[in-house]
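Only one structure is covered here, and it is reproduced in the block below.
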Amino acid sequence: MRVRKPYVVAERGSHRFVWLGLDEAEAERGVLTNQYMVIDSDEAMLLDPGGHYVFERVYRNVTSFVDPSRVRAVFFTHQDPDVVGSLVLVHEFFPNARIYVSKLWTRFLPHLGVSSDLDIVEVPDEGGEIPLGGSSLLAIPAHFLHSPGNFTLYDPLTKVLFSGDIGAAVFPKGVWYLFAEDFDKHAELMRPFHERYLACREALEAWLSIVERLDIEVIAPQHGAIMVGDSARRFLEWLRSLNKFGIDVVREVARRWTSS
């Protein structure tokens, strides 16, 4: 098992999009997750900081770039435990951070044990701009892909799309890589997740109709590998090529009960 150091995925001047490293031993405790940070000048935003057991690694790598007091925002794509599970620690160690999360999930956050003084910004269904330093990032609605209150985040300066669970892949034991250099091979690792977790084609088409208008050079998911350039373009095409997924699976399961 290896510990992977943080990596600056893209940058423009003092504006950087950073992957926050990985300890491959984390795979023994749960599905591997990617955490990211956007830095603009001297302010930082954490993206999906993850569950409780990865927080020590996340904190160590964040503070190798910025002082904890300069973490001004935390963006949650949705409500899964591998996304929000470390919220109590995030609030304790990054006390100046505002929490950006879908308005659907704010009333559930107290169940994580957080105090009432949490600074929460409810992201409306239509998304919108989130300020960071002298820049702004775009919260793009991705509802029902897979969560009913789900967002992706686009950084116009670095042209990186943080796609959350869209683009997720689960590596088999003993396999890991940061960038999807062989897209066809990597697509087979993405297929099972997308066929099960994406709700329906209508939701997928709604999201694609937005992101295909953006100038995207990098797609960075919460699980699996980062897709750059041609791989990012091919990923969006691959999504359109999916045949049966989400509700189609439910129909097949129901058919087993109703057919005679």
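Naming works like this for the structure tokens: A, B, ... for the chains as they're shown, residue 1 at the start of each chain, ligands 1 onward in shown order.
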Run DSSP on the backbone and grab whatever in segment 3-231 of chain A lands in strand (DSSP E or B); send it over as number ranges by chain. A: 3-4, 7-12, 15-19, 22-23, 36-40, 43-47, 71-75, 98-102, 120-123, 128-132, 135-141, 145, 151-155, 160-164, 179, 198, 218-221, 226-228
Closest contacts (segment 36-139 of chain A/segment 12-15 of chain A, max 12 Å, only C-alpha atoms) as a Markdown table:
| residue | atom | partner | partner_atom | distance |
| --- | --- | --- | --- | --- |
| A:Met37 | CA | A:His15 | CA | 10.6 |
| A:Val38 | CA | A:His15 | CA | 7.4 |
| A:Ile39 | CA | A:His15 | CA | 5.5 |
| A:Asp40 | CA | A:His15 | CA | 4.4 |
| A:Ser41 | CA | A:Ser14 | CA | 5.2 |
| A:Asp42 | CA | A:Ser14 | CA | 8.3 |
| A:Glu43 | CA | A:His15 | CA | 9.5 |
| A:Ala44 | CA | A:His15 | CA | 9.6 |
| A:Met45 | CA | A:His15 | CA | 11.4 |
| A:Phe65 | CA | A:Ser14 | CA | 11.8 |
| A:Leu132 | CA | A:His15 | CA | 10.0 |
| A:Gly133 | CA | A:His15 | CA | 9.4 |
| A:Gly134 | CA | A:His15 | CA | 9.5 |
| A:Ser135 | CA | A:His15 | CA | 8.7 |
| A:Ser136 | CA | A:His15 | CA | 11.1 |
| A:Leu137 | CA | A:His15 | CA | 11.7 |
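Summary of the local environment: counting only C-alpha atoms, residues at most 9 Å from Arg98 of chain A, other than itself and those fewer than 2 positions away along its chain, are Val71, Arg72, Ala73, Val74, Phe75, Pro95, Asn96, Tyr100, Leu118, Asp119, Ile120 and Val121 of chain A.
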Residue selection dump (N, CA and C atoms) as a PDB file, in the first residue's frame:
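Output below, filename again-v7.pdb:
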ATOM      1  N   VAL A  71      -9.317  28.418   4.961  1.00  0.00           N
ATOM      2  CA  VAL A  71     -10.342  27.582   4.320  1.00  0.00           C
ATOM      3  C   VAL A  71     -11.682  28.261   4.569  1.00  0.00           C
ATOM      4  N   ARG A  72     -12.203  28.890   3.540  1.00  0.00           N
ATOM      5  CA  ARG A  72     -13.381  29.743   3.680  1.00  0.00           C
ATOM      6  C   ARG A  72     -14.677  29.088   3.233  1.00  0.00           C
ATOM      7  N   ALA A  73     -14.569  27.939   2.575  1.00  0.00           N
ATOM      8  CA  ALA A  73     -15.780  27.294   2.064  1.00  0.00           C
ATOM      9  C   ALA A  73     -15.571  25.791   1.972  1.00  0.00           C
ATOM     10  N   VAL A  74     -16.662  25.072   2.178  1.00  0.00           N
ATOM     11  CA  VAL A  74     -16.701  23.627   1.957  1.00  0.00           C
ATOM     12  C   VAL A  74     -17.926  23.349   1.098  1.00  0.00           C
ATOM     13  N   PHE A  75     -17.709  22.631   0.003  1.00  0.00           N
ATOM     14  CA  PHE A  75     -18.797  22.330  -0.926  1.00  0.00           C
ATOM     15  C   PHE A  75     -19.110  20.846  -0.864  1.00  0.00           C
ATOM     16  N   PRO A  95     -12.783  26.391  11.180  1.00  0.00           N
ATOM     17  CA  PRO A  95     -13.919  27.104  11.769  1.00  0.00           C
ATOM     18  C   PRO A  95     -14.410  28.291  10.950  1.00  0.00           C
ATOM     19  N   ASN A  96     -13.629  28.769  10.001  1.00  0.00           N
ATOM     20  CA  ASN A  96     -14.042  29.924   9.204  1.00  0.00           C
ATOM     21  C   ASN A  96     -14.742  29.536   7.905  1.00  0.00           C
ATOM     22  N   TYR A 100     -21.549  24.825   1.926  1.00  0.00           N
ATOM     23  CA  TYR A 100     -22.482  24.918   0.803  1.00  0.00           C
ATOM     24  C   TYR A 100     -23.028  23.528   0.508  1.00  0.00           C
ATOM     25  N   LEU A 118     -23.112  26.219  12.988  1.00  0.00           N
ATOM     26  CA  LEU A 118     -22.580  25.913  11.666  1.00  0.00           C
ATOM     27  C   LEU A 118     -23.079  26.954  10.658  1.00  0.00           C
ATOM     28  N   ASP A 119     -22.164  27.496   9.871  1.00  0.00           N
ATOM     29  CA  ASP A 119     -22.497  28.518   8.877  1.00  0.00           C
ATOM     30  C   ASP A 119     -22.860  27.819   7.566  1.00  0.00           C
ATOM     31  N   ILE A 120     -24.153  27.643   7.334  1.00  0.00           N
ATOM     32  CA  ILE A 120     -24.632  26.882   6.181  1.00  0.00           C
ATOM     33  C   ILE A 120     -25.244  27.818   5.148  1.00  0.00           C
ATOM     34  N   VAL A 121     -24.876  27.599   3.899  1.00  0.00           N
ATOM     35  CA  VAL A 121     -25.525  28.268   2.779  1.00  0.00           C
ATOM     36  C   VAL A 121     -26.292  27.206   2.001  1.00  0.00           C
TER      37      VAL A 121
END
Kindly indicate which residue among A:Ala168, A:Leu157, A:Val211, A:Leu242 lies nearest to Gly224 of chain A, using only C-alpha atoms for the distances.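 Checking each of A:Ala168, A:Leu157, A:Val211, A:Leu242 against Gly224 of chain A, counting only C-alpha atoms, the winner is A:Ala168.
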Which of these residues is nearest to Val170 of chain A, using only C-alpha atoms: A:His186, A:Arg240, A:His78, A:Arg233?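 Checking each candidate against Val170 of chain A, we get A:His186 as the closest.
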Determine the nearest neighbour of Ser86 of chain A from the options A:Thr106, A:Thr63, A:Gln35, A:Ser69, counting only C-alpha atoms. A:Gln35
Residue contacts of Lys244 of chain A (12 Å, only C-alpha atoms) excluding same-chain residues fewer than 4 positions away, as an mmCIF file with C-alpha atoms, in the first residue's frame:
data_model
loop_
_atom_site.group_PDB
_atom_site.id
_atom_site.type_symbol
_atom_site.label_atom_id
_atom_site.label_comp_id
_atom_site.auth_asym_id
_atom_site.auth_seq_id
_atom_site.Cartn_x
_atom_site.Cartn_y
_atom_site.Cartn_z
ATOM 1 C CA ARG A 191 -20.009 1.110 -15.955
ATOM 2 C CA PRO A 192 -21.370 -0.824 -12.913
ATOM 3 C CA HIS A 194 -23.397 4.361 -13.471
ATOM 4 C CA GLU A 195 -25.827 1.629 -14.459
ATOM 5 C CA ARG A 196 -26.983 1.284 -10.866
ATOM 6 C CA TYR A 197 -26.719 4.778 -9.359
ATOM 7 C CA LEU A 198 -27.867 7.177 -12.100
ATOM 8 C CA ALA A 199 -31.635 7.454 -11.780
ATOM 9 C CA CYS A 200 -32.857 7.913 -15.338
ATOM 10 C CA ARG A 201 -32.030 9.241 -18.789
ATOM 11 C CA LEU A 239 -22.625 8.758 -20.748
ATOM 12 C CA ARG A 240 -24.948 9.312 -23.702
ATOM 13 C CA ASP A 248 -34.497 0.379 -15.933
ATOM 14 C CA VAL A 249 -32.938 -1.842 -13.261
ATOM 15 C CA VAL A 250 -36.009 -1.353 -11.056
ATOM 16 C CA ARG A 251 -38.297 -2.376 -13.896
ATOM 17 C CA GLU A 252 -36.345 -5.579 -14.417
#
Just want the 10 Å neighbourhood of Val3 of chain A, counted on only C-alpha atoms, with same-chain residues fewer than 2 positions away dropped. Output as a PyMOL selection string. chain A and resi 1+5-6+21-26+57
Applying 12 Å and only C-alpha atoms, which residues near Asp82 of chain A remain after dropping the ones on its own chain fewer than 5 positions away? List them as an MDAnalysis selection string. chainID A and resid 26 29:35 47:55 76:77 87 164:165 222:223
Any chance you could export the current selection's C-alpha atoms as a PDB file, in the first residue's frame?
ATOM      1  CA  GLU A  26      -8.019   3.419   2.972  1.00  0.00           C
ATOM      2  CA  ARG A  29     -11.911   0.457   5.364  1.00  0.00           C
ATOM      3  CA  GLY A  30     -14.250   1.546   2.601  1.00  0.00           C
ATOM      4  CA  VAL A  31     -14.505   2.672  -0.992  1.00  0.00           C
ATOM      5  CA  LEU A  32     -11.630   4.949  -2.037  1.00  0.00           C
ATOM      6  CA  THR A  33     -12.586   8.615  -2.302  1.00  0.00           C
ATOM      7  CA  ASN A  34     -11.011  11.672  -3.896  1.00  0.00           C
ATOM      8  CA  GLN A  35     -10.938  14.984  -2.078  1.00  0.00           C
ATOM      9  CA  LEU A  47     -14.761  19.784  -2.150  1.00  0.00           C
ATOM     10  CA  ASP A  48     -16.446  16.713  -0.615  1.00  0.00           C
ATOM     11  CA  PRO A  49     -13.979  16.362   2.319  1.00  0.00           C
ATOM     12  CA  GLY A  50     -15.039  12.774   2.915  1.00  0.00           C
ATOM     13  CA  GLY A  51     -15.679  10.476   5.833  1.00  0.00           C
ATOM     14  CA  HIS A  52     -14.276  10.460   9.345  1.00  0.00           C
ATOM     15  CA  TYR A  53     -11.367   8.093   8.778  1.00  0.00           C
ATOM     16  CA  VAL A  54      -9.831  10.059   5.880  1.00  0.00           C
ATOM     17  CA  PHE A  55      -9.902  13.414   7.655  1.00  0.00           C
ATOM     18  CA  PHE A  76     -20.827  19.139  -0.556  1.00  0.00           C
ATOM     19  CA  THR A  77     -22.166  17.604  -3.761  1.00  0.00           C
ATOM     20  CA  LEU A  87     -18.454  17.362   9.029  1.00  0.00           C
ATOM     21  CA  GLY A 164     -18.906  14.222  -7.690  1.00  0.00           C
ATOM     22  CA  ASP A 165     -20.271  10.708  -8.186  1.00  0.00           C
ATOM     23  CA  GLN A 222     -15.136  11.800  -6.209  1.00  0.00           C
ATOM     24  CA  HIS A 223     -14.274   8.149  -6.890  1.00  0.00           C
TER      25      HIS A 223
END
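Between atom CA of His111 of chain A and atom CA of Val90 of chain A the interatomic distance comes to 15.0 Å.
When only C-alpha atoms are used to compute distances to Asp184 of chain A, the closest of the residues A:Ser231, A:Ser209, A:Ser147, A:Ser163 turns out to be A:Ser231.
For the choices A:Glu28, A:Asp230, A:Glu205, A:Glu126, the atom-to-atom distance to Ser102 of chain A is smallest for A:Glu126 when using only C-alpha atoms.
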